[in-house]
Structures are given as C-alpha cells and as structure tokens.
Amino acid sequence: MGNKIYTIGREFGSGGKDVAKMLSDRLGVKMYDKELLQHAAKESGFCEEIFENHDEKPTNSFLYSLVMDTYSMNSYSSAPFLDMPLNHKVFLAQFDTIKKIASNETCVILGRCADYALSDNPDCINIFVHADLDKRIKLVSKRGNLTENKARDMILKQDKQRASYYNYYTSKKWGDSSSYHLTLDCGKLGVEGCVEVILKFREMMDAKK
C-alpha cells in the first residue's frame, strides 16, 4: 500500500484547519498548509510571494498576469507552459508539488484543490468540513475580535473566493458531497469527533483492500 493521504477542504470558520491539525498530530505526520507554497516555490523557480498572491484565489485579470509574467519560471521552460497565464502556471506548479509530496510521505493537506490533484490516488481520503453559519460567525468573531457583522462578511467573502478557485480549476463544485469521500459537520461533531470519523473511515477502507 502507498502513503496514506488526507485532503481537507473547509468552509471558512468551520474548524477545518483545527481538524487537519489534530488529525496530523494523532497520526504523527506533517500537515501541509502554507508550507505547500514554500515547496512549490522551491520546485518551480517562482518566488514564494507569487504563490501567496494567488493562494486559493480566483483567477486574476489578464493584465495582471501579463505584468507578473516577467517572473517567469526557471525550471518549467516548455513553450506551451511559458505561453500560459501566470495563474495557470502557479496552479500547475502547486498541483505537481502536491503529487510529489503525496508520493513521498503520509500527510494531511489543507485546501488548494489537493483532492483534485490526487483524484487517481487510491490511498487518499478527501474530506470537506462545514458548519452552520451562525456557529462559524461566533467562532470567527471570537478568534478575530470582530463584530458578528464583520465576521459574517469575512466568512461570505472567503467562502466565495474558495468556491470560485476550486470550481474554476477542478470543474467540480466546492462543498458538494459528490466531490469528497466524507463531508463532516464540525459544528455538530466537534473537532475531535470529526477526527474520530476520519480515522474510522480509514480503518474501514483499509479493511476492504
């Protein structure tokens, strides 16, 4: 059997990142979040700032891509690749990095269309974490010391951004249960409950092999 991979998509403020962290701690493996951007930058030759500017964001304007294209990659030198808009180059570099990481180690990967990049990996479990909006508003408000109205606006903006990015690059629907093996309500299960379900699902999945 190959490395055991767990990809976690999440609604903003749902506790998805906490689930990813606890899962990685329980398994004693690495969780990739922003670290994935550092790996992709190192592999591709792009500076890390470019990945951060494009991180889980909808496609940028053509003009911005054209201007930023002066930071062309060093290691990806084929003509078709060089002709692509910058945001596509960044996505493909990140896509390749996810596949390389998954081939090298058991890990948890947060967001960044990792479920799509690893869709042909039989040892990958794809999870989506969600929660009721009211619970998310309270969590974001408390953590960010924001009013509930500001927290609500932030949640709606972030969810829209993540959905646009995911839907554009994967041709699937962000948060749709058919895109994942498990969709978990963290508001009902709690972080620990979500982790227990994921571990049980892995156990059942492995038993069927």
# chains A, B, ... in the order shown; residues from 1 in each chain; ligands from 1
call {"tool": "residues_around", "arguments": {"residues": "segment 111-119 of chain A", "least_positions_apart": "4", "cutoff": "8 Å", "atoms": "only C-alpha atoms", "output": "number ranges by chain"}}
result
A: 7-10, 33, 55-56, 95-96, 98-99, 124, 126, 166, 169-170, 180
call {"tool": "residues_around", "arguments": {"residues": "Val197 of chain A", "least_positions_apart": "5", "cutoff": "12 Å", "atoms": "only C-alpha atoms", "output": "PyMOL selection string"}}
result
chain A and resi 19+23+125+127+129+181-186+189-192+202-204
call {"tool": "residues_around", "arguments": {"residues": "Asn149 of chain A", "least_positions_apart": "2", "cutoff": "12 Å", "atoms": "only C-alpha atoms", "output": "NGL selection string"}}
result
:A and (133-134 or 136-138 or 140-141 or 145-147 or 151-156)
call {"tool": "closest_residue", "arguments": {"among": "A:Lys173, A:His130, A:Lys188, A:Cys194", "to": "Lys21 of chain A", "atoms": "only C-alpha atoms"}}
result
A:Cys194
